[in-house]
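Written out below as structure tokens is the structure these notes cover.
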Amino acid sequence: MFENLQYVGRTTLQVFENLGRGSIFLIRILIGLWEPIKRPSLLIQQLYSVGVLSFLLILVSGLFVGMVLGLQGYYILSDFGAEQTLGVMVAASLVRELGPVVSALLFAGRAGSSLTAEIGLMKATEQLSGMEMMAVDPIGRIIAPRFLAGFLSMPLLTAIFSMIGVLGGYFVGVGLLGIDEGAFWSQMQTTLDFWDDIVNGVIKSLVFGFVVTWIAVFQGYDAIPTAEGVSRATTRSVVYSAFAILGLDFVLTALMFGDA
Amino acid sequence: MQQSKTVVTMVGLFVTAGLIALFFLAMQVSNLSSFQGNGSYIIKARFDNVGGLKVRSPVSVAGVRVGRVKTITFDKKAYVAIVDMSIESRYDTLPTDTSASIFTSGLLGEQYIGLEPGGDEEFLGEGDTLELTQSALVLEEMIGKFLFKKAEGSANN
Amino acid sequence: MENSVHNDDSIVSIRNLTFRREERKIFDNINLEIPRNKITAIMGPSGTGKTTLLRLIGGQIEADSGTVSVDGDVVQDMRRSQLFALRKRMGMLFQSGALLTDINVFDNVAFPIREHTQLPESMIRTLVLMKLEAVGLRGAQDLMPNELSGGMARRVALARAIALDPKIIMYDEPFTGQDPISLGVLVKLIKSLNDALHLTTIIVSHDVEETSAIADYIFVISKGKVVGQGSTDEINRSGSRWVHQFMNGLPDGPVPFHFPAPDYARDLFNRR
């Protein structure tokens with residue numbers, strides 16, 4: 001019994017210790033951000049590997065999610081005779097929730113895990129150490145550009161996801177199931193508010209981008225420099241990101257969409 | 001560090017795609033296109049009962065949305081609700097004797113304020129208060145009235 | 001152990017250094033003087049923290065007590081900018097080479113030059129080619145690190161380490177896991193570079209044969225203390241049994257063959 005308490009206590013302290021290390025690391029990244037700004041080529045390279053290479057995944061997923069929303073939404077709404085509101089349903093679901101959350105989860109799985117593995121591997125092969133010994137700051141050179149790229153890519157990917165999703169819903173609803181095209185768009189436009197829905201969705205994606213990239217980059221930097229350590233760190237990065245995304249989504253939704 | 005042209009181009013395309021998506025969402029999906037009006041002005045109305053009216057509920061004239069409910073507050077002395085409505089600046093021809101009523105859109109829909117213009121020559125400006133208001137219909141009161149009328153009717157026969 | 005090297009001859013001076021990791025004392029009040037322009041070897045069994053010593057000299061980690069001075073300046077007292085300036089005068093060769101995997105051989109060697117100087121590309125090209133020529137890999141300049149063999153990668157890393165013409169060069173286990181030909185190449189390179197470029201070389205290794213062939217001075221470290229020091233001959237004639245076992249690779253001696261265990265017969269015949 002007492003040992004269990006000790007275990008709980010120790011684990012809790014470890015959580016705080018990791019959080020503390022991660023926060024100090026974050027501050028060093030933020031300070032080091034001027035390096036990729038000074039040298040845009042670093043940033044562009046990372047935007048490519050983090051953003052462009054995730055593009056296809058986001059596109060296809062967004063399309064299918066939108067189409068499923070269209071299909072499933074039609075079935076549910078026709079029970080109430082409310083099929084014509086399909087446009088609103090698809091768009092609101094996507095812009096407010098599914099767009100930010102699903103894109104962030106996909107991003108964490110694809111780009112986040114690859115960032116963790118890349119940085120962890122650099123640590124294991126002593127490249128980070130080597131840079132330090134050559135008087136080059138690895139935080140500014142390697143970590144900060146990746147962090148900035150992740151943060152900037154996230155809202156772009158989310159917007160693409162939502163847009164393709166709405167178009168997918170349009171294709172299924174109007175194209176396949178015969179809903180009135182005018183009703184689809186006009187109801188959507190009157191109900192969805194730019195500031196409340198679109199901007200809030202973008203804010204969510206920025207928050208997710210910040211947190212997911214931070215987790216991915218920190219797990220890589222903190223990994224035990226062995227093959228096993230890197231693979232564990234990669235898994236941790238995806239799992240922690242998932243928890244963070246879903247938890248933050250709840251908090252943000254409550255803040256943004258509750259009664260003002 | 002050599003940067004291949006392809007990489008830079010792809011990044012450029014990616015960023016453009018993202019911005020186009022944002023633009024699409026802003027224009028096609030939300031009400032940004034109809035909300036072109038820069039600026040709005042506030043008019044107030046006092047209600048005995050605002051029912052289910054919420055902040056951001058629409059305000060319309062002749063069925064066209066002209067603004068939104070900005071704030072709902074309670075007057076401690078007069079025991080009435082004060083509703084501030086934000087009206088788009090381009091709709092500046094509302095007469096001062098306009099009346100405001102709280103309606104429900106559809107059977108189960110959300111409540112909104114409908115403005116019925118009067119005949120006055122002067123127009124409402126920033127901070128003006130509407131004189132004539134009709135509160136929201138409360139279901140219990142309506143049922144009560146209906147039953148009362150029924151009871152009266154059968155008593156008279 | 002008394003030091004037989006005069007202070008003004010030494011470029012790196014380690015005094016009363018104590019370093020702990022978790023509960024263990026990695027270094028316990030040790031003293032080391034690294035002589036200038038010579039090849040000094042730091043040897044000892046795996047895990048004694050030899051790499052840690054190099055990191056302490058380079059200022060990557062801080063000692064718990066004692067001082068590490070390079071060329072008269074105490075490393076712990078340095079500000080970031082001074083530390084960075086110090087590192088530009090030191091070259092380090094990591095065990096794995098630590099080349100940057102996303103750029104080719106040429107760019108790897110050019111990396112420190114591009115970072116720390118404003119030299120034009122034409123001059124950088126000349127320098128890089130010269131360094132690569134010195135290690136015999138000028139023809140490999142366009143290859144990517146993953147296309148190199150282990151020995152070649154180390155040589156490229158060596159070219160990179162001398163790119164800024166440092167005064168001190170440190171090798172972390174350079175001979176580990178190399179085939180005989182690569183070993184021969186490395187041994188020759190380390191010696192000839194040290195002499196041609198007037199470097200001070202510090203080699204951390206447990207490869208007795210190769211290291212003894214070129215080292216001018218050897219420190220033997222075990223359990224956080226210096227257990228032997230002197231020139232190669234002095235070490236080989238050392239009276240210490242431990243040093244003798246280490247240098248000759250004897251399987252049993254002060255470091256026993258058997259891991260501590262209870263009585264053999266009792267263990268065999270009693271089932272627990």
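Numbering starts fresh at 1 for the residues of each chain in the structure tokens, the chains themselves are lettered A, B, ... in the order given, and ligands are numbered from 1 as they appear.
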
Long-range neighbours of range 239-246 of chain C as a PyMOL selection string, 12 Å cut-off, only C-alpha atoms, 2 positions minimum in chain
chain C and resi 43-46+206-209+218-223+226-230+232+234-237+248-257

Looking only at strand (DSSP E) from DSSP on the backbone, list the matching residues of range 17-155 of chain C as an NGL selection string.
:C and (17-21 or 24-35 or 39-43 or 65-70 or 73-74 or 90-93)

Can you check which parts of chain A lie within 7 Å of chain C? Per residue, the shortest pair of atoms and distance in Å to one decimal, counting only C-alpha atoms, sorted by chain and number, as JSON lines.
{"residue": "A:Thr125", "atom": "CA", "partner": "C:Ala98", "partner_atom": "CA", "distance": 5.7}
{"residue": "A:Glu126", "atom": "CA", "partner": "C:Ala98", "partner_atom": "CA", "distance": 5.3}
{"residue": "A:Gln127", "atom": "CA", "partner": "C:Ala98", "partner_atom": "CA", "distance": 4.7}
{"residue": "A:Gly130", "atom": "CA", "partner": "C:Ala98", "partner_atom": "CA", "distance": 6.1}
{"residue": "A:Met133", "atom": "CA", "partner": "C:Arg87", "partner_atom": "CA", "distance": 5.9}
{"residue": "A:Met134", "atom": "CA", "partner": "C:Arg87", "partner_atom": "CA", "distance": 6.1}
{"residue": "A:Ala135", "atom": "CA", "partner": "C:Phe84", "partner_atom": "CA", "distance": 5.0}

Contacts of Ser49 in chain A within 10 Å, only C-alpha atoms, excl. fewer than 4 positions in-chain, as a ChimeraX atom specification:
/A:44-45,53-54,111,114-115,146,149-150 /B:7,11

Using C-alpha atoms, can you write the selected residues to a file as a PDB file, in the first residue's frame?
ATOM      1  CA  ILE A  44      11.764  27.073 -45.895  1.00  0.00           C
ATOM      2  CA  GLN A  45      13.469  23.706 -45.749  1.00  0.00           C
ATOM      3  CA  LEU A  53       4.840  16.547 -47.118  1.00  0.00           C
ATOM      4  CA  SER A  54       1.767  16.463 -44.870  1.00  0.00           C
ATOM      5  CA  ALA A 111       5.003  15.327 -38.923  1.00  0.00           C
ATOM      6  CA  SER A 114       9.036  12.382 -37.827  1.00  0.00           C
ATOM      7  CA  LEU A 115      10.369  15.493 -36.065  1.00  0.00           C
ATOM      8  CA  ARG A 146      11.355  23.102 -37.090  1.00  0.00           C
ATOM      9  CA  ALA A 149       7.590  25.585 -39.400  1.00  0.00           C
ATOM     10  CA  GLY A 150       5.189  23.408 -37.408  1.00  0.00           C
TER      11      GLY A 150
ATOM     12  CA  VAL B   7      11.713  22.910 -52.509  1.00  0.00           C
ATOM     13  CA  VAL B  11       6.644  25.595 -50.118  1.00  0.00           C
TER      14      VAL B  11
END

Closest-contact table, chain A side, partner chain B, 6 Å, counting only C-alpha atoms, as a Markdown table:
| residue | atom | partner | partner_atom | distance |
| --- | --- | --- | --- | --- |
| A:Tyr48 | CA | B:Val11 | CA | 5.5 |
| A:Val52 | CA | B:Phe14 | CA | 5.9 |
| A:Leu156 | CA | B:Gly18 | CA | 4.3 |
| A:Ala159 | CA | B:Ala21 | CA | 5.3 |
| A:Ile160 | CA | B:Ala21 | CA | 5.1 |
| A:Met163 | CA | B:Ala21 | CA | 5.7 |
| A:Gln189 | CA | B:Ser30 | CA | 4.4 |
| A:Thr190 | CA | B:Asn31 | CA | 5.5 |
| A:Leu192 | CA | B:Ser30 | CA | 4.7 |
| A:Asp193 | CA | B:Ser30 | CA | 5.3 |
| A:Phe194 | CA | B:Ser30 | CA | 5.3 |

Which residues, written as a ChimeraX atom specification, have at least one atom at most 9 Å from Phe151 in chain A, with only C-alpha atoms counted and residues fewer than 5 positions away on the same chain left out?
/A:146,205-214

The selected residues should be written to file as a tab-separated table (two decimals), in the first residue's frame (atoms: C-alpha atoms).
chain	number	residue	atom	x	y	z
A	146	ARG	CA	11.35	23.10	-37.09
A	205	SER	CA	-5.24	25.31	-34.96
A	206	LEU	CA	-2.54	27.78	-33.86
A	207	VAL	CA	-2.75	26.53	-30.30
A	208	PHE	CA	-2.60	22.92	-31.45
A	209	GLY	CA	0.31	23.67	-33.78
A	210	PHE	CA	2.24	25.29	-30.96
A	211	VAL	CA	1.66	22.47	-28.51
A	212	VAL	CA	2.11	19.52	-30.89
A	213	THR	CA	5.34	20.89	-32.35
A	214	TRP	CA	6.66	21.71	-28.90
